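One structure is given here, and the rest of the page talks about it.
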Amino acid sequence: MKKLINDPKNVVSEAVAGFAVAHGDIITVSSDPTYIVRADAPVSGKVGLVSGGGSGHEPLHGGFVGYGMLDAAVPGAVFTSPTPDPILAATKAVDGGAGVLHIVKNYTGDVLNFETAADLAAADGVEVRTVIVNDDVAVQDSLYTAGRRGVGGTVLVEKITGAAAERGDSLDRVAEIAQKVNDQVRTMGVALTPCVVPHAGEPSFTLAEDEIEIGIGIHGEPGRERIKLEPVDAIVERLLTPIIDDIPFTSGDRVLLFVNGMGGTPQIELYIAYRHAAAVLAQKGIEVTRSLVGNYITSLEMQGMSISVLRLDDELVELWDAPVHTAALRWGR
Amino acid sequence: MTLGTDWAIDWVRRSAAVIAEHRVELITLDREIGDGDHGENMDRGFAAVMAKLDDLGEGATPADVLKLVATTLISTVGGAAGPLYGTAYLKASGAVAGRSDLDAAALVEALTAARDGIVLRGKAEPGDKTMVDAWTPAVDAARSAAESGASEAEALDAAAAAAASGAETTDALVARKGRASYLGERSAGHRDPGAQSTALILRAAADAASAS
């Protein structure tokens, strides 16, 4: 294992410290407990947005803290949910009097720790709503599992919901929009290689040189099937078909197409994938009117990608286009 | 003999010791079907509880001890186990609030409240291959022992034995909750780490009772 680290124990704290220095104009970092918060928090009268989860998915979530997106992000240890204390502290730090929305990826640890923090916040008089993101179509039998996982769609939920909060929507309305985005987005991913958690020092799973895993979660959890490597166009179709069939997306739909790198795949390959995904959608009469391509929700150095498709309406387009100023996403401002 | 604050503190000490002793075993179990951090997280949590035991005041009740365990585990363990065990100890504390001595019936109430808290928080049912599969038989065994006139130590011993065999039954189960559930059929043949730690902690409770 070769990594650009010092002590594995200090990976998260040193990364967060670097993030604080690099982006001091946008965010402030609180230590003990650790959370990343908008430099101007709390914004009076605005609904506060808090997300978080295990580290190792950067730029998610800290890279999305700032104007027009999240008010705070709570990083746990690598791939381990944060405890309720920092979530509670972040919740209070962003409460501008209009309530706080927790955006939580559907992983058991994240859900339980955010739920406990929300209970504690409520006991302290902060109104908290929660939206659980569960956009991963790879999990087929939600009845017999902990349910679909929250993956690529989380980025889109955070951007669009952040714009709604920024324009002054109420907590009810912001929560409703978050839920709407989650309901209209579907995602599926593929891994070409595993990733190595720094303190474990060993790959989280093994794949032969010519094998790929279709349907992985963002920690490299097992997916639908393990197959031989194919040309990227064929892989794109393996991911896109279950996505299209799930909602289902139909001719005439306007969508946002998001091709996300898992951390170790270069942009040049992501654009090859995007090109074919857009063509497949066009062939079905689905119009791609917005796009996002890059490494936004990752699994450390894993090679692979996920494809997300979000059905748009006029309101979602307007909120997607609204100005945003964070470390990882910035336009219009 | 009813059990008081000394027993509760001894239970904490024995829990911390047994979790530390089985840290690697719990990590290994969790690596097979989860993310491999259960032993590390629980050991860190109980070590933090040990460091706070001295903060308990002179007149601390068993409920105060349980509450200290709850708040410390919630803030130090992380993952799913932190909120689940934290809730269990918090509910157990609430069930025996204000009492300085616990008889067998009170212990059954505390164990029941702990189990109900875990079910409420984690929404798992018996058979889902989670810690509920150790807690539920433990509660049932303690209740039936207490109802047939067992002593406090005997009731806890029954709970510990039932938790241990409950943990063993998870070997064959297919996980339906938690991260192991994504493995589907591949989760069978492995013991649930949360059920195993539950068995260890309830054995510590029984050992503390027999020693007091």
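So you can find residues: chains in the structure tokens are A, B, ... in the order shown, residues in each start at 1, and ligands are numbered from 1 in order.
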* To do: Step one, run DSSP on the backbone; step two, keep only residues of segment 10-252 of chain A assigned to strand (DSSP E or B); then write them as a ChimeraX atom specification.
  => /A:27-30,35-38,48-55,65-67,70,72-78,100-105,128-133,136,185-191,196,203,211-214,225-228
* To do: Write out as a list in words which residues come within 7 Å of segment 132-143 of chain B when counting only C-alpha atoms, dropping same-chain ones fewer than 6 positions away.
  =>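 Near segment 132-143 of chain B, the qualifying residues are Val108, Leu111, Thr112, Arg115, Ala124, Glu125, Pro126, Ala155, Leu156, Ala158, Ala159, Ala160, Ala162, Ala163, Ala164, Gly166, Ala167, Thr170, Ala195, Thr198 and Ala199 of chain B.
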Would you save the residues from that selection as a short mmCIF file (atom, residue, chain, number, x, y, z; two decimals), in the first residue's frame, using N, CA and C atoms?
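Contents of again.cif, as written:
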```cif
data_model
loop_
_atom_site.label_atom_id
_atom_site.label_comp_id
_atom_site.auth_asym_id
_atom_site.auth_seq_id
_atom_site.Cartn_x
_atom_site.Cartn_y
_atom_site.Cartn_z
N VAL B 108 -35.04 -7.70 35.36
CA VAL B 108 -35.79 -8.11 34.17
C VAL B 108 -36.34 -6.87 33.47
N LEU B 111 -33.44 -5.18 31.62
CA LEU B 111 -33.05 -5.91 30.40
C LEU B 111 -34.11 -5.76 29.31
N THR B 112 -35.37 -5.80 29.71
CA THR B 112 -36.47 -5.66 28.75
C THR B 112 -36.41 -4.28 28.09
N ARG B 115 -33.55 -4.11 25.60
CA ARG B 115 -33.87 -4.81 24.35
C ARG B 115 -34.88 -4.00 23.51
N ALA B 124 -34.73 -3.92 14.00
CA ALA B 124 -34.48 -5.32 13.64
C ALA B 124 -35.43 -6.21 14.42
N GLU B 125 -35.75 -7.34 13.83
CA GLU B 125 -36.59 -8.34 14.50
C GLU B 125 -35.76 -9.58 14.75
N PRO B 126 -36.24 -10.45 15.68
CA PRO B 126 -35.51 -11.71 15.86
C PRO B 126 -35.39 -12.44 14.52
N ALA B 155 -30.91 -15.21 37.81
CA ALA B 155 -31.64 -14.63 36.68
C ALA B 155 -30.65 -14.10 35.64
N LEU B 156 -29.59 -13.42 36.10
CA LEU B 156 -28.59 -12.89 35.16
C LEU B 156 -27.80 -14.02 34.50
N ALA B 158 -29.00 -16.95 33.79
CA ALA B 158 -29.90 -17.49 32.77
C ALA B 158 -29.87 -16.59 31.53
N ALA B 159 -29.87 -15.27 31.76
CA ALA B 159 -29.82 -14.33 30.64
C ALA B 159 -28.53 -14.49 29.84
N ALA B 160 -27.42 -14.61 30.57
CA ALA B 160 -26.11 -14.72 29.90
C ALA B 160 -26.02 -16.00 29.08
N ALA B 162 -28.51 -17.70 27.81
CA ALA B 162 -29.42 -17.60 26.66
C ALA B 162 -28.83 -16.68 25.59
N ALA B 163 -28.16 -15.61 26.01
CA ALA B 163 -27.53 -14.69 25.04
C ALA B 163 -26.44 -15.41 24.27
N ALA B 164 -25.67 -16.25 24.99
CA ALA B 164 -24.58 -16.98 24.32
C ALA B 164 -25.14 -17.95 23.29
N GLY B 166 -28.06 -17.68 21.90
CA GLY B 166 -28.67 -16.83 20.87
C GLY B 166 -27.64 -16.35 19.86
N ALA B 167 -26.47 -15.97 20.36
CA ALA B 167 -25.40 -15.52 19.46
C ALA B 167 -24.99 -16.65 18.52
N THR B 170 -27.02 -17.15 15.40
CA THR B 170 -26.86 -16.21 14.28
C THR B 170 -25.92 -16.76 13.22
N ALA B 195 -24.22 -9.62 18.23
CA ALA B 195 -24.79 -10.65 19.10
C ALA B 195 -23.70 -11.23 19.99
N THR B 198 -22.90 -8.77 22.73
CA THR B 198 -24.00 -8.80 23.70
C THR B 198 -23.82 -9.96 24.68
N ALA B 199 -23.48 -11.13 24.14
CA ALA B 199 -23.28 -12.30 25.00
C ALA B 199 -22.15 -12.05 26.00
#
```
* Asked: Near Lys67 of chain B, within 6 Å and counting only C-alpha atoms, which residues show up once chain neighbours fewer than 2 positions away are dropped, as a list in words?
  -> Asp64, Val65, Val69, Ala70, Leu90 and Ser93 of chain B
* To do: Measuring atom to atom with only C-alpha atoms, identify which of A:Ala77, A:Gly223, A:Asp233, A:Lys180 is nearest to Asn10 of chain A.
  => A:Ala77
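Selecting chain B residues within 8 Å of chain A and counting only C-alpha atoms yields Ile74, Ser75, Thr76, Val77, Gly78, Gly79, Ala80, Ala81, Gly82, Pro83, Leu84, Arg121, Gly122, Ala175, Arg176, Lys177, Gly178, Arg179, Ser181, Tyr182, Leu183 and Gly184 of chain B.
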* To do: Enumerate the residues of segment 169-211 of chain A with a DSSP assignment of helix (DSSP H, G or I), computed from the backbone, and present them as a ChimeraX atom specification.
  => /A:171-184
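Taking only C-alpha atoms, the non-local environment of segment 326-329 of chain A within 10 Å (same-chain residues fewer than 5 positions away omitted) comprises Phe19, Ala22, His23, Gly24, Asp25, Ile26, Ile27, Arg38, Glu58, Pro59, Leu60, His61, Gly62, Gly63, Phe64, Val65, Gly66, Tyr67, Gly68, Met69, Leu70, Lys159, Asn295 and Tyr296 of chain A.
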Grab the residues selected above and save them as a PDB file, in the first residue's frame with C-alpha atoms.
```
ATOM      1  CA  PHE A  19      -9.143  21.778   4.065  1.00  0.00           C
ATOM      2  CA  ALA A  22      -7.176  25.946   1.857  1.00  0.00           C
ATOM      3  CA  HIS A  23     -10.769  27.164   1.976  1.00  0.00           C
ATOM      4  CA  GLY A  24     -10.838  29.591   4.895  1.00  0.00           C
ATOM      5  CA  ASP A  25     -12.817  32.071   2.773  1.00  0.00           C
ATOM      6  CA  ILE A  26     -15.729  29.615   2.486  1.00  0.00           C
ATOM      7  CA  ILE A  27     -15.680  27.470   5.612  1.00  0.00           C
ATOM      8  CA  ARG A  38     -20.037  27.732   6.493  1.00  0.00           C
ATOM      9  CA  GLU A  58     -14.213  13.450  -0.670  1.00  0.00           C
ATOM     10  CA  PRO A  59     -15.152  15.982  -1.844  1.00  0.00           C
ATOM     11  CA  LEU A  60     -18.431  14.755  -0.266  1.00  0.00           C
ATOM     12  CA  HIS A  61     -19.487  16.246   2.159  1.00  0.00           C
ATOM     13  CA  GLY A  62     -17.060  18.961   3.296  1.00  0.00           C
ATOM     14  CA  GLY A  63     -16.407  20.086  -0.270  1.00  0.00           C
ATOM     15  CA  PHE A  64     -20.083  20.971  -0.575  1.00  0.00           C
ATOM     16  CA  VAL A  65     -20.267  23.340   2.391  1.00  0.00           C
ATOM     17  CA  GLY A  66     -20.815  26.950   1.387  1.00  0.00           C
ATOM     18  CA  TYR A  67     -23.234  29.387  -0.220  1.00  0.00           C
ATOM     19  CA  GLY A  68     -26.113  27.629  -1.957  1.00  0.00           C
ATOM     20  CA  MET A  69     -25.354  24.135  -0.661  1.00  0.00           C
ATOM     21  CA  LEU A  70     -24.620  22.683   2.812  1.00  0.00           C
ATOM     22  CA  LYS A 159     -27.004  21.022  -4.408  1.00  0.00           C
ATOM     23  CA  ASN A 295     -15.030  12.841  -8.922  1.00  0.00           C
ATOM     24  CA  TYR A 296     -17.671  14.077  -6.453  1.00  0.00           C
TER      25      TYR A 296
END
```
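Excluding Lys46 of chain A and any residue on its chain fewer than 2 positions from it, the residues at most 8 Å away by only C-alpha atoms are Val43, Ser44, Gly48, Gly96, Gly97, Ala98, Gly99, Ala165, Glu166, Gly168, Asp169 and Ser170 of chain A.
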* Distance query Ile36 of chain A at most 7 Å, only C-alpha atoms, self and fewer than 3 positions along chain excluded, as a ChimeraX atom specification -> /A:27-30,62,72-74
Filtering to C-alpha atoms, could you give me those residues as a compact mmCIF listing (two decimals), in the first residue's frame?
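Contents of selection-v7.txt, as written:
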```
# COMPACT_ATOMS: atom_id res chain seq x y z
CA ILE A 27 -15.68 27.47 5.61
CA THR A 28 -14.53 27.26 9.21
CA VAL A 29 -13.51 24.03 10.89
CA SER A 30 -14.51 23.33 14.47
CA GLY A 62 -17.06 18.96 3.30
CA ALA A 72 -22.25 22.03 7.75
CA ALA A 73 -20.63 18.66 7.13
CA VAL A 74 -19.68 16.17 9.82
```
